[in-house]
>>> print(open('run_12.cif').read())   # mmCIF, C-alpha atoms, pLDDT in the B column; chains and numbers go by the auth columns
data_my_file
#
loop_
_atom_site.group_PDB
_atom_site.id
_atom_site.type_symbol
_atom_site.label_atom_id
_atom_site.label_comp_id
_atom_site.label_asym_id
_atom_site.label_seq_id
_atom_site.Cartn_x
_atom_site.Cartn_y
_atom_site.Cartn_z
_atom_site.B_iso_or_equiv
_atom_site.auth_seq_id
_atom_site.auth_asym_id
ATOM 1 C CA PRO A 1 46.331 23.494 -10.522 60.00 1 A
ATOM 2 C CA PRO A 2 43.510 22.235 -8.257 63.00 2 A
ATOM 3 C CA PRO A 3 40.004 23.324 -9.221 60.00 3 A
ATOM 4 C CA PRO A 4 38.649 26.361 -7.407 58.00 4 A
ATOM 5 C CA LYS A 5 36.546 25.702 -4.292 55.00 5 A
ATOM 6 C CA PRO A 6 32.861 25.980 -5.169 51.00 6 A
ATOM 7 C CA ASP A 7 30.866 28.819 -3.628 51.00 7 A
ATOM 8 C CA VAL A 8 28.197 26.339 -2.489 48.00 8 A
ATOM 9 C CA ASP A 9 28.953 23.185 -0.539 49.00 9 A
ATOM 10 C CA PRO A 10 27.966 19.903 -2.136 50.00 10 A
ATOM 11 C CA PRO A 11 24.376 18.913 -1.281 50.00 11 A
ATOM 12 C CA THR A 12 25.519 16.071 0.952 46.00 12 A
ATOM 13 C CA ALA A 13 27.357 18.488 3.203 45.00 13 A
ATOM 14 C CA ALA A 14 24.081 20.168 4.099 46.00 14 A
ATOM 15 C CA LEU A 15 22.522 16.933 5.370 46.00 15 A
ATOM 16 C CA PRO A 16 22.199 16.370 9.119 48.00 16 A
ATOM 17 C CA ARG A 17 24.739 14.188 10.798 49.00 17 A
ATOM 18 C CA ALA A 18 24.232 10.448 10.545 49.00 18 A
ATOM 19 C CA GLY A 19 21.499 9.248 12.854 50.00 19 A
ATOM 20 C CA LEU A 20 19.614 12.563 12.882 51.00 20 A
ATOM 21 C CA LEU A 21 17.586 11.939 9.765 53.00 21 A
ATOM 22 C CA PRO A 22 13.929 11.226 10.484 56.00 22 A
ATOM 23 C CA ALA A 23 13.150 7.542 10.366 57.00 23 A
ATOM 24 C CA PRO A 24 11.085 6.513 7.350 60.00 24 A
ATOM 25 C CA ALA A 25 7.464 5.715 8.068 61.00 25 A
ATOM 26 C CA THR A 26 6.994 2.035 8.777 73.00 26 A
ATOM 27 C CA PRO A 27 4.459 0.516 6.399 78.00 27 A
ATOM 28 C CA PRO A 28 1.612 -1.305 8.134 79.00 28 A
ATOM 29 C CA THR A 29 2.003 -5.043 8.423 86.00 29 A
ATOM 30 C CA PRO A 30 -0.482 -7.365 6.715 85.00 30 A
ATOM 31 C CA GLU A 31 -1.781 -8.269 10.185 84.00 31 A
ATOM 32 C CA THR A 32 -2.427 -4.608 11.011 83.00 32 A
ATOM 33 C CA GLN A 33 -4.149 -4.052 7.685 86.00 33 A
ATOM 34 C CA MET A 34 -6.311 -7.110 8.322 88.00 34 A
ATOM 35 C CA ARG A 35 -7.375 -5.863 11.765 83.00 35 A
ATOM 36 C CA GLU A 36 -8.378 -2.533 10.216 85.00 36 A
ATOM 37 C CA THR A 37 -10.309 -4.278 7.438 88.00 37 A
ATOM 38 C CA LEU A 38 -12.184 -6.483 9.888 87.00 38 A
ATOM 39 C CA ALA A 39 -12.963 -3.466 12.056 84.00 39 A
ATOM 40 C CA ALA A 40 -14.412 -1.662 9.046 87.00 40 A
ATOM 41 C CA ALA A 41 -16.469 -4.708 8.054 88.00 41 A
ATOM 42 C CA GLN A 42 -17.836 -5.068 11.595 83.00 42 A
ATOM 43 C CA ALA A 43 -18.747 -1.380 11.669 83.00 43 A
ATOM 44 C CA LEU A 44 -20.677 -1.807 8.411 86.00 44 A
ATOM 45 C CA LEU A 45 -22.563 -4.733 9.948 83.00 45 A
ATOM 46 C CA GLU A 46 -23.477 -2.630 12.967 78.00 46 A
ATOM 47 C CA ARG A 47 -24.905 0.016 10.668 80.00 47 A
ATOM 48 C CA GLY A 48 -26.946 -2.568 8.816 81.00 48 A
ATOM 49 C CA HIS A 49 -24.905 -2.434 5.591 87.00 49 A
ATOM 50 C CA HIS A 50 -24.633 -6.195 5.246 87.00 50 A
ATOM 51 C CA ALA A 51 -23.873 -6.361 1.524 89.00 51 A
ATOM 52 C CA ALA A 52 -20.994 -3.886 1.862 91.00 52 A
ATOM 53 C CA ALA A 53 -19.659 -5.734 4.905 90.00 53 A
ATOM 54 C CA TYR A 54 -19.796 -9.072 3.108 92.00 54 A
ATOM 55 C CA ARG A 55 -17.821 -7.564 0.206 92.00 55 A
ATOM 56 C CA ARG A 56 -15.155 -6.355 2.664 92.00 56 A
ATOM 57 C CA TYR A 57 -14.809 -9.825 4.137 93.00 57 A
ATOM 58 C CA ALA A 58 -14.713 -11.495 0.724 92.00 58 A
ATOM 59 C CA ASP A 59 -12.111 -9.025 -0.603 92.00 59 A
ATOM 60 C CA ALA A 60 -9.933 -9.567 2.462 91.00 60 A
ATOM 61 C CA ILE A 61 -10.086 -13.330 2.019 92.00 61 A
ATOM 62 C CA ARG A 62 -9.257 -13.077 -1.684 90.00 62 A
ATOM 63 C CA THR A 63 -6.375 -10.578 -1.506 89.00 63 A
ATOM 64 C CA ALA A 64 -4.598 -11.295 1.798 89.00 64 A
ATOM 65 C CA PRO A 65 -1.798 -13.851 2.193 87.00 65 A
ATOM 66 C CA PRO A 66 -3.269 -17.176 3.364 82.00 66 A
ATOM 67 C CA HIS A 67 -1.857 -16.995 6.902 82.00 67 A
ATOM 68 C CA VAL A 68 -3.412 -13.542 7.333 88.00 68 A
ATOM 69 C CA GLY A 69 -6.567 -14.198 5.360 91.00 69 A
ATOM 70 C CA ASP A 70 -7.509 -17.018 7.717 94.00 70 A
ATOM 71 C CA ALA A 71 -8.456 -14.394 10.320 91.00 71 A
ATOM 72 C CA ALA A 72 -10.941 -12.998 7.815 92.00 72 A
ATOM 73 C CA ARG A 73 -12.221 -16.489 7.014 94.00 73 A
ATOM 74 C CA VAL A 74 -13.012 -17.181 10.659 94.00 74 A
ATOM 75 C CA ALA A 75 -14.511 -13.728 11.264 92.00 75 A
ATOM 76 C CA PHE A 76 -16.715 -14.014 8.169 93.00 76 A
ATOM 77 C CA ALA A 77 -17.654 -17.600 9.054 93.00 77 A
ATOM 78 C CA ARG A 78 -18.936 -16.473 12.459 90.00 78 A
ATOM 79 C CA VAL A 79 -21.146 -13.916 10.730 89.00 79 A
ATOM 80 C CA LEU A 80 -22.414 -16.443 8.198 92.00 80 A
ATOM 81 C CA LEU A 81 -23.183 -19.054 10.848 88.00 81 A
ATOM 82 C CA GLY A 82 -25.731 -16.853 12.566 82.00 82 A
ATOM 83 C CA GLY A 83 -26.811 -14.454 9.858 80.00 83 A
ATOM 84 C CA ASN A 84 -28.799 -11.369 10.748 71.00 84 A
ATOM 85 C CA GLY A 85 -32.488 -11.681 10.039 66.00 85 A
ATOM 86 C CA ARG A 86 -34.079 -11.589 6.615 72.00 86 A
ATOM 87 C CA ARG A 87 -31.584 -9.124 5.194 74.00 87 A
ATOM 88 C CA ALA A 88 -28.658 -11.463 5.868 79.00 88 A
ATOM 89 C CA PRO A 89 -29.804 -15.071 6.352 85.00 89 A
ATOM 90 C CA PRO A 90 -27.282 -17.661 7.572 87.00 90 A
ATOM 91 C CA ASP A 91 -25.081 -19.416 5.044 92.00 91 A
ATOM 92 C CA ARG A 92 -23.706 -22.318 7.046 92.00 92 A
ATOM 93 C CA PRO A 93 -22.227 -24.347 4.149 94.00 93 A
ATOM 94 C CA ARG A 94 -20.147 -21.349 3.113 94.00 94 A
ATOM 95 C CA ALA A 95 -19.163 -20.723 6.731 94.00 95 A
ATOM 96 C CA LEU A 96 -18.056 -24.322 7.165 95.00 96 A
ATOM 97 C CA GLN A 97 -16.015 -24.103 3.968 95.00 97 A
ATOM 98 C CA TYR A 98 -14.079 -21.106 5.326 95.00 98 A
ATOM 99 C CA ILE A 99 -13.590 -22.756 8.727 95.00 99 A
ATOM 100 C CA ARG A 100 -12.265 -25.985 7.189 95.00 100 A
ATOM 101 C CA GLU A 101 -9.910 -24.103 4.863 95.00 101 A
ATOM 102 C CA ALA A 102 -8.382 -22.168 7.762 95.00 102 A
ATOM 103 C CA ALA A 103 -8.303 -25.199 10.065 96.00 103 A
ATOM 104 C CA THR A 104 -6.518 -27.287 7.428 95.00 104 A
ATOM 105 C CA ARG A 105 -3.809 -24.612 7.214 93.00 105 A
ATOM 106 C CA GLY A 106 -3.350 -24.842 10.970 95.00 106 A
ATOM 107 C CA TYR A 107 -5.154 -21.673 12.087 95.00 107 A
ATOM 108 C CA PRO A 108 -5.911 -22.352 15.797 96.00 108 A
ATOM 109 C CA ASP A 109 -9.084 -20.243 16.034 95.00 109 A
ATOM 110 C CA ALA A 110 -10.585 -22.151 13.104 96.00 110 A
ATOM 111 C CA GLN A 111 -9.640 -25.480 14.657 97.00 111 A
ATOM 112 C CA ALA A 112 -11.244 -24.434 17.949 96.00 112 A
ATOM 113 C CA LEU A 113 -14.403 -23.306 16.168 95.00 113 A
ATOM 114 C CA LEU A 114 -14.560 -26.604 14.312 95.00 114 A
ATOM 115 C CA GLY A 115 -14.142 -28.394 17.645 95.00 115 A
ATOM 116 C CA LEU A 116 -17.070 -26.419 19.034 93.00 116 A
ATOM 117 C CA MET A 117 -19.190 -27.415 16.051 93.00 117 A
ATOM 118 C CA TYR A 118 -18.374 -31.101 16.587 94.00 118 A
ATOM 119 C CA ALA A 119 -19.051 -30.765 20.316 93.00 119 A
ATOM 120 C CA SER A 120 -22.417 -29.038 19.944 90.00 120 A
ATOM 121 C CA GLY A 121 -23.759 -30.656 16.780 86.00 121 A
ATOM 122 C CA PHE A 122 -25.666 -27.431 16.189 80.00 122 A
ATOM 123 C CA ASP A 123 -26.231 -28.392 12.542 83.00 123 A
ATOM 124 C CA ALA A 124 -26.344 -32.170 12.290 84.00 124 A
ATOM 125 C CA GLU A 125 -26.557 -32.151 8.496 87.00 125 A
ATOM 126 C CA LEU A 126 -23.290 -30.279 8.106 89.00 126 A
ATOM 127 C CA VAL A 127 -21.306 -31.302 11.179 91.00 127 A
ATOM 128 C CA PRO A 128 -22.823 -34.160 13.182 91.00 128 A
ATOM 129 C CA ARG A 129 -21.998 -34.297 16.866 93.00 129 A
ATOM 130 C CA ASP A 130 -18.745 -36.174 17.411 95.00 130 A
ATOM 131 C CA ALA A 131 -17.229 -35.939 20.893 94.00 131 A
ATOM 132 C CA ALA A 132 -13.951 -37.624 19.926 95.00 132 A
ATOM 133 C CA ARG A 133 -13.320 -35.254 17.016 95.00 133 A
ATOM 134 C CA ALA A 134 -14.281 -32.305 19.204 95.00 134 A
ATOM 135 C CA VAL A 135 -11.633 -33.184 21.776 96.00 135 A
ATOM 136 C CA LEU A 136 -9.070 -33.805 19.038 96.00 136 A
ATOM 137 C CA MET A 137 -9.710 -30.409 17.415 97.00 137 A
ATOM 138 C CA PHE A 138 -9.614 -28.669 20.805 97.00 138 A
ATOM 139 C CA GLU A 139 -6.255 -30.260 21.618 97.00 139 A
ATOM 140 C CA VAL A 140 -4.728 -29.340 18.258 97.00 140 A
ATOM 141 C CA ALA A 141 -6.047 -25.788 18.580 97.00 141 A
ATOM 142 C CA ALA A 142 -4.896 -25.484 22.204 97.00 142 A
ATOM 143 C CA LEU A 143 -1.360 -26.555 21.305 96.00 143 A
ATOM 144 C CA GLY A 144 -1.451 -23.933 18.553 95.00 144 A
ATOM 145 C CA GLY A 145 -2.295 -21.218 21.077 94.00 145 A
ATOM 146 C CA SER A 146 -6.085 -20.963 20.983 95.00 146 A
ATOM 147 C CA LEU A 147 -7.147 -19.505 24.310 93.00 147 A
ATOM 148 C CA TYR A 148 -10.715 -20.739 23.854 93.00 148 A
ATOM 149 C CA ALA A 149 -9.529 -24.303 23.204 96.00 149 A
ATOM 150 C CA GLN A 150 -7.249 -24.253 26.245 96.00 150 A
ATOM 151 C CA MET A 151 -10.145 -23.136 28.444 95.00 151 A
ATOM 152 C CA ALA A 152 -12.471 -25.702 26.880 95.00 152 A
ATOM 153 C CA LEU A 153 -10.032 -28.523 27.581 97.00 153 A
ATOM 154 C CA GLY A 154 -9.434 -27.340 31.123 96.00 154 A
ATOM 155 C CA PHE A 155 -13.173 -27.392 31.733 95.00 155 A
ATOM 156 C CA ARG A 156 -13.642 -30.803 30.122 96.00 156 A
ATOM 157 C CA TYR A 157 -10.823 -32.478 32.044 97.00 157 A
ATOM 158 C CA PHE A 158 -11.919 -30.889 35.318 96.00 158 A
ATOM 159 C CA TYR A 159 -15.442 -32.282 35.017 95.00 159 A
ATOM 160 C CA GLY A 160 -14.660 -35.362 32.918 96.00 160 A
ATOM 161 C CA ILE A 161 -16.722 -34.362 29.882 94.00 161 A
ATOM 162 C CA ASN A 162 -15.986 -36.874 27.091 93.00 162 A
ATOM 163 C CA VAL A 163 -12.524 -37.393 28.608 95.00 163 A
ATOM 164 C CA GLU A 164 -11.248 -39.163 31.703 96.00 164 A
ATOM 165 C CA GLN A 165 -11.477 -36.738 34.610 97.00 165 A
ATOM 166 C CA ASN A 166 -8.018 -35.494 35.507 97.00 166 A
ATOM 167 C CA CYS A 167 -7.438 -32.421 37.661 96.00 167 A
ATOM 168 C CA SER A 168 -3.721 -32.255 36.799 97.00 168 A
ATOM 169 C CA THR A 169 -4.475 -32.146 33.075 97.00 169 A
ATOM 170 C CA ALA A 170 -7.181 -29.558 33.690 97.00 170 A
ATOM 171 C CA ALA A 171 -4.702 -27.429 35.642 97.00 171 A
ATOM 172 C CA HIS A 172 -2.178 -27.789 32.799 97.00 172 A
ATOM 173 C CA TRP A 173 -4.572 -26.343 30.223 97.00 173 A
ATOM 174 C CA TYR A 174 -5.865 -23.637 32.562 96.00 174 A
ATOM 175 C CA SER A 175 -2.262 -22.652 33.360 96.00 175 A
ATOM 176 C CA MET A 176 -1.458 -22.336 29.655 95.00 176 A
ATOM 177 C CA ALA A 177 -4.492 -20.103 29.202 94.00 177 A
ATOM 178 C CA ALA A 178 -3.625 -17.990 32.263 94.00 178 A
ATOM 179 C CA SER A 179 -0.031 -17.558 31.122 94.00 179 A
ATOM 180 C CA GLN A 180 -1.189 -16.458 27.687 90.00 180 A
ATOM 181 C CA VAL A 181 -3.611 -13.916 29.164 87.00 181 A
ATOM 182 C CA ALA A 182 -0.972 -12.559 31.566 89.00 182 A
ATOM 183 C CA THR A 183 1.481 -12.104 28.693 89.00 183 A
ATOM 184 C CA GLU A 184 -1.148 -10.379 26.577 82.00 184 A
ATOM 185 C CA MET A 185 -2.217 -8.058 29.401 79.00 185 A
ATOM 186 C CA ALA A 186 1.410 -6.960 29.852 82.00 186 A
ATOM 187 C CA ARG A 187 1.498 -5.574 26.320 78.00 187 A
ATOM 188 C CA PRO A 188 1.428 -1.765 26.213 76.00 188 A
ATOM 189 C CA ASP A 189 -1.263 -1.867 23.512 70.00 189 A
ATOM 190 C CA PHE A 190 -3.492 -4.316 25.400 67.00 190 A
ATOM 191 C CA VAL A 191 -6.434 -1.922 25.766 63.00 191 A
ATOM 192 C CA ASP A 192 -6.318 -0.904 22.109 61.00 192 A
ATOM 193 C CA ARG A 193 -6.158 -4.536 20.976 60.00 193 A
ATOM 194 C CA HIS A 194 -8.994 -5.847 23.134 57.00 194 A
ATOM 195 C CA VAL A 195 -11.200 -3.034 24.339 52.00 195 A
ATOM 196 C CA GLY A 196 -10.792 -1.515 20.909 47.00 196 A
ATOM 197 C CA GLU A 197 -12.364 -4.476 19.161 48.00 197 A
ATOM 198 C CA PRO A 198 -14.076 -3.730 15.852 44.00 198 A
ATOM 199 C CA THR A 199 -16.903 -1.338 16.745 52.00 199 A
ATOM 200 C CA LEU A 200 -18.180 2.029 15.675 54.00 200 A
ATOM 201 C CA LEU A 201 -15.853 3.457 18.334 55.00 201 A
ATOM 202 C CA ASP A 202 -12.917 2.729 16.019 53.00 202 A
ATOM 203 C CA THR A 203 -14.451 4.223 12.900 51.00 203 A
ATOM 204 C CA GLY A 204 -16.530 7.151 14.139 52.00 204 A
ATOM 205 C CA SER A 205 -15.123 10.658 14.390 55.00 205 A
ATOM 206 C CA PRO A 206 -14.244 12.102 17.820 57.00 206 A
ATOM 207 C CA GLN A 207 -17.327 14.308 17.554 58.00 207 A
ATOM 208 C CA ASP A 208 -19.473 11.173 17.257 67.00 208 A
ATOM 209 C CA LEU A 209 -17.923 9.378 20.223 73.00 209 A
ATOM 210 C CA ASP A 210 -20.385 10.553 22.890 76.00 210 A
ATOM 211 C CA GLU A 211 -23.338 9.727 20.678 76.00 211 A
ATOM 212 C CA ILE A 212 -21.968 6.265 19.882 76.00 212 A
ATOM 213 C CA LEU A 213 -21.307 5.514 23.559 80.00 213 A
ATOM 214 C CA GLN A 214 -24.809 6.654 24.474 81.00 214 A
ATOM 215 C CA HIS A 215 -26.220 4.381 21.771 78.00 215 A
ATOM 216 C CA TYR A 216 -24.244 1.409 23.104 80.00 216 A
ATOM 217 C CA LYS A 217 -25.382 2.170 26.665 83.00 217 A
ATOM 218 C CA GLN A 218 -29.009 2.194 25.558 82.00 218 A
ATOM 219 C CA LEU A 219 -28.546 -1.156 23.838 79.00 219 A
ATOM 220 C CA ALA A 220 -26.895 -2.563 26.975 82.00 220 A
ATOM 221 C CA ASP A 221 -29.759 -1.270 29.144 85.00 221 A
ATOM 222 C CA ARG A 222 -32.219 -3.033 26.843 78.00 222 A
ATOM 223 C CA GLY A 223 -30.495 -6.372 27.427 75.00 223 A
ATOM 224 C CA ASN A 224 -28.056 -6.636 24.505 73.00 224 A
ATOM 225 C CA ILE A 225 -25.448 -9.014 25.918 74.00 225 A
ATOM 226 C CA GLY A 226 -22.711 -7.991 23.494 73.00 226 A
ATOM 227 C CA MET A 227 -23.124 -4.331 24.397 78.00 227 A
ATOM 228 C CA GLN A 228 -23.232 -5.145 28.111 84.00 228 A
ATOM 229 C CA LEU A 229 -19.876 -6.919 27.770 83.00 229 A
ATOM 230 C CA LEU A 230 -18.436 -4.039 25.755 83.00 230 A
ATOM 231 C CA MET A 231 -19.576 -1.426 28.286 87.00 231 A
ATOM 232 C CA ALA A 232 -18.148 -3.584 31.081 89.00 232 A
ATOM 233 C CA ARG A 233 -14.770 -3.604 29.363 85.00 233 A
ATOM 234 C CA LEU A 234 -14.827 0.123 28.756 86.00 234 A
ATOM 235 C CA HIS A 235 -15.582 0.828 32.420 87.00 235 A
ATOM 236 C CA TYR A 236 -13.054 -1.735 33.649 86.00 236 A
ATOM 237 C CA TYR A 237 -10.151 -0.292 31.645 83.00 237 A
ATOM 238 C CA GLY A 238 -11.278 3.317 31.485 83.00 238 A
ATOM 239 C CA ALA A 239 -11.184 3.480 27.700 77.00 239 A
ATOM 240 C CA TYR A 240 -12.580 5.920 25.130 75.00 240 A
ATOM 241 C CA GLY A 241 -12.960 8.711 27.653 78.00 241 A
ATOM 242 C CA ILE A 242 -15.022 6.656 30.115 84.00 242 A
ATOM 243 C CA HIS A 243 -13.896 6.997 33.736 85.00 243 A
ATOM 244 C CA GLN A 244 -12.445 3.769 35.102 88.00 244 A
ATOM 245 C CA ASP A 245 -14.980 2.230 37.452 89.00 245 A
ATOM 246 C CA VAL A 246 -14.516 -1.429 38.395 88.00 246 A
ATOM 247 C CA LYS A 247 -17.780 -1.537 40.348 91.00 247 A
ATOM 248 C CA GLU A 248 -19.740 -0.259 37.337 90.00 248 A
ATOM 249 C CA ALA A 249 -17.926 -2.765 35.130 89.00 249 A
#
>>> encode(input="run_12.cif", output="structure tokens")
Amino acid sequence: PPPPKPDVDPPTAALPRAGLLPAPATPPTPETQMRETLAAAQALLERGHHAAAYRRYADAIRTAPPHVGDAARVAFARVLLGGNGRRAPPDRPRALQYIREAATRGYPDAQALLGLMYASGFDAELVPRDAARAVLMFEVAALGGSLYAQMALGFRYFYGINVEQNCSTAAHWYSMAASQVATEMARPDFVDRHVGEPTLLDTGSPQDLDEILQHYKQLADRGNIGMQLLMARLHYYGAYGIHQDVKEA
């Protein structure tokens, strides 16, 4: 005879119908993790914790996949190029090492930064001024999607700086840059990605937000160019609780 029907339904019968189960949490991508790491490192720099920030950068470079770690290399290189007073003097050889590593792997931002170094000759011992190499690096970086390189080439071809003046070529590079910006601005997370650049605003608690904004405003009023640009962005987009005000921006 057939077995008696159990008093309790099998466990699977109690599950919701297919498609009604909650979706599993999506793990963060390496790119997202890198953005968070760089934001934390930048926040440490703003607080004056240079040693801790440098460790964050170095750990990110060491542990991330190469194509993701190149973002950390370039970010750290920018910090090392300028330094920050006696507590964090510049380390340009180390910065150049990171830039060359990322540029060799084809990272456009590193190639553009290397082009800028060749163009400016800001440290003749490390990277002597070389206009031809500068243009070459800008073109490689621009084809790879570097917005800065596209703008730099547009400017150079428009005015004939180390290249033959050509308005059509200038318009080509400016159009590529404009198209890239328009596409980026259409993203629903545009404000978070750009206004929410690594600052204390991303790491402070909501209770600290007003105090942080007031601190940034004071720095902007004192002539800090970086803070003036940040406050302009916040007012332009109406981010972090600030009322949108294009005139103030």
>>> closest_atom_pairs(input="run_12.cif", of="range 80-142 of chain A", to="range 56-61 of chain A", cutoff="12 Å", atoms="only C-alpha atoms", output="tab-separated table")
residue	atom	partner	partner_atom	distance
A:Leu80	CA	A:Tyr57	CA	10.9
A:Arg94	CA	A:Ala58	CA	11.5
A:Ala95	CA	A:Ala58	CA	11.9
A:Tyr98	CA	A:Ile61	CA	9.3
A:Glu101	CA	A:Ile61	CA	11.1
A:Ala102	CA	A:Ile61	CA	10.7
>>> atom_distance(input="run_12.cif", atom1="CA of Gln97 in chain A", atom2="CA of Ile161 in chain A")
27.9 Å
>>> atom_distance(input="run_12.cif", atom1="CA of Val68 in chain A", atom2="CA of Ala39 in chain A")
14.7 Å
>>> residues_near_point(input="run_12.cif", point="(-17.7, -22.0, 16.2)", cutoff="10 Å", atoms="only C-alpha atoms", output="ChimeraX atom specification")
/A:74,77-78,81,95-96,99,109-120,122
>>> closest_residue(input="run_12.cif", among="A:Gly154, A:Pro30, A:Gly83, A:Pro66", to="Leu45 in chain A", atoms="all atoms listed in the file")
A:Gly83
>>> closest_atom_pairs(input="run_12.cif", of="range 96-145 of chain A", to="range 169-188 of chain A", cutoff="12 Å", atoms="all atoms listed in the file", output="Markdown table")
| residue | atom | partner | partner_atom | distance |
| --- | --- | --- | --- | --- |
| A:Phe138 | CA | A:Trp173 | CA | 10.9 |
| A:Glu139 | CA | A:Trp173 | CA | 9.6 |
| A:Ala141 | CA | A:Trp173 | CA | 11.7 |
| A:Ala142 | CA | A:Trp173 | CA | 8.1 |
| A:Leu143 | CA | A:Met176 | CA | 9.4 |
| A:Gly144 | CA | A:Met176 | CA | 11.2 |
| A:Gly145 | CA | A:Gln180 | CA | 8.2 |
>>> closest_residue(input="run_12.cif", among="A:Arg156, A:Ser146, A:Ala239, A:Ala88", to="Ala134 in chain A", atoms="all atoms listed in the file")
A:Arg156
>>> atom_distance(input="run_12.cif", atom1="CA of Ala41 in chain A", atom2="CA of Ala75 in chain A")
9.8 Å
>>> closest_residue(input="run_12.cif", among="A:Ala51, A:Ala64, A:Leu209, A:Val246", to="Thr37 in chain A", atoms="only C-alpha atoms")
A:Ala64
>>> axis_aligned_box(input="run_12.cif", around="range 215-221 of chain A", padding_each_side="5 Å", output="JSON")
{"center_x": -27.0, "center_y": 0.9, "center_z": 25.5, "size_x": 15.5, "size_y": 16.9, "size_z": 17.4}
>>> residues_around(input="run_12.cif", residues="Gln244 in chain A", least_positions_apart="4", cutoff="10 Å", atoms="all atoms listed in the file", output="PDB file with C-alpha atoms, in the frame of the given file")
ATOM      1  CA  ARG A 233     -14.770  -3.604  29.363  1.00 85.00           C
ATOM      2  CA  LEU A 234     -14.827   0.123  28.756  1.00 86.00           C
ATOM      3  CA  HIS A 235     -15.582   0.828  32.420  1.00 87.00           C
ATOM      4  CA  TYR A 236     -13.054  -1.735  33.649  1.00 86.00           C
ATOM      5  CA  TYR A 237     -10.151  -0.292  31.645  1.00 83.00           C
ATOM      6  CA  GLY A 238     -11.278   3.317  31.485  1.00 83.00           C
ATOM      7  CA  ALA A 239     -11.184   3.480  27.700  1.00 77.00           C
ATOM      8  CA  GLU A 248     -19.740  -0.259  37.337  1.00 90.00           C
ATOM      9  CA  ALA A 249     -17.926  -2.765  35.130  1.00 89.00           C
TER      10      ALA A 249
END
>>> closest_residue(input="run_12.cif", among="A:Leu229, A:Ala71, A:Val79, A:Ala132", to="Arg105 in chain A", atoms="all atoms listed in the file")
A:Ala71
>>> closest_atom_pairs(input="run_12.cif", of="range 135-232 of chain A", to="range 123-130 of chain A", cutoff="12 Å", atoms="only C-alpha atoms", output="tab-separated table")
residue	atom	partner	partner_atom	distance
A:Val135	CA	A:Asp130	CA	8.9
A:Leu136	CA	A:Asp130	CA	10.1
A:Met137	CA	A:Asp130	CA	10.7
A:Asn162	CA	A:Asp130	CA	10.1
>>> decode(input="run_12.cif", residues="range 165-176 of chain A", atoms="N, CA and C atoms", output="PDB file, in the first residue's frame")
ATOM      1  N   GLN A 165      48.397  73.440 -36.761  1.00  0.00           N
ATOM      2  CA  GLN A 165      47.063  73.933 -36.410  1.00  0.00           C
ATOM      3  C   GLN A 165      46.027  73.361 -37.362  1.00  0.00           C
ATOM      4  N   ASN A 166      44.949  72.824 -36.780  1.00  0.00           N
ATOM      5  CA  ASN A 166      43.920  72.183 -37.586  1.00  0.00           C
ATOM      6  C   ASN A 166      42.598  72.233 -36.815  1.00  0.00           C
ATOM      7  N   CYS A 167      41.706  73.107 -37.238  1.00  0.00           N
ATOM      8  CA  CYS A 167      40.443  73.278 -36.522  1.00  0.00           C
ATOM      9  C   CYS A 167      39.567  72.025 -36.605  1.00  0.00           C
ATOM     10  N   SER A 168      39.613  71.319 -37.716  1.00  0.00           N
ATOM     11  CA  SER A 168      38.801  70.099 -37.857  1.00  0.00           C
ATOM     12  C   SER A 168      39.252  69.038 -36.860  1.00  0.00           C
ATOM     13  N   THR A 169      40.573  68.877 -36.720  1.00  0.00           N
ATOM     14  CA  THR A 169      41.088  67.903 -35.759  1.00  0.00           C
ATOM     15  C   THR A 169      40.763  68.339 -34.336  1.00  0.00           C
ATOM     16  N   ALA A 170      40.857  69.634 -34.073  1.00  0.00           N
ATOM     17  CA  ALA A 170      40.495  70.143 -32.754  1.00  0.00           C
ATOM     18  C   ALA A 170      39.032  69.830 -32.451  1.00  0.00           C
ATOM     19  N   ALA A 171      38.164  70.078 -33.435  1.00  0.00           N
ATOM     20  CA  ALA A 171      36.736  69.812 -33.248  1.00  0.00           C
ATOM     21  C   ALA A 171      36.479  68.321 -33.017  1.00  0.00           C
ATOM     22  N   HIS A 172      37.257  67.476 -33.693  1.00  0.00           N
ATOM     23  CA  HIS A 172      37.119  66.022 -33.511  1.00  0.00           C
ATOM     24  C   HIS A 172      37.367  65.631 -32.059  1.00  0.00           C
ATOM     25  N   TRP A 173      38.471  66.124 -31.485  1.00  0.00           N
ATOM     26  CA  TRP A 173      38.793  65.753 -30.108  1.00  0.00           C
ATOM     27  C   TRP A 173      37.820  66.392 -29.121  1.00  0.00           C
ATOM     28  N   TYR A 174      37.433  67.633 -29.360  1.00  0.00           N
ATOM     29  CA  TYR A 174      36.462  68.276 -28.474  1.00  0.00           C
ATOM     30  C   TYR A 174      35.114  67.560 -28.539  1.00  0.00           C
ATOM     31  N   SER A 175      34.736  67.093 -29.724  1.00  0.00           N
ATOM     32  CA  SER A 175      33.467  66.363 -29.872  1.00  0.00           C
ATOM     33  C   SER A 175      33.504  65.046 -29.102  1.00  0.00           C
ATOM     34  N   MET A 176      34.639  64.352 -29.165  1.00  0.00           N
ATOM     35  CA  MET A 176      34.774  63.108 -28.398  1.00  0.00           C
ATOM     36  C   MET A 176      34.619  63.379 -26.911  1.00  0.00           C
TER      37      MET A 176
END
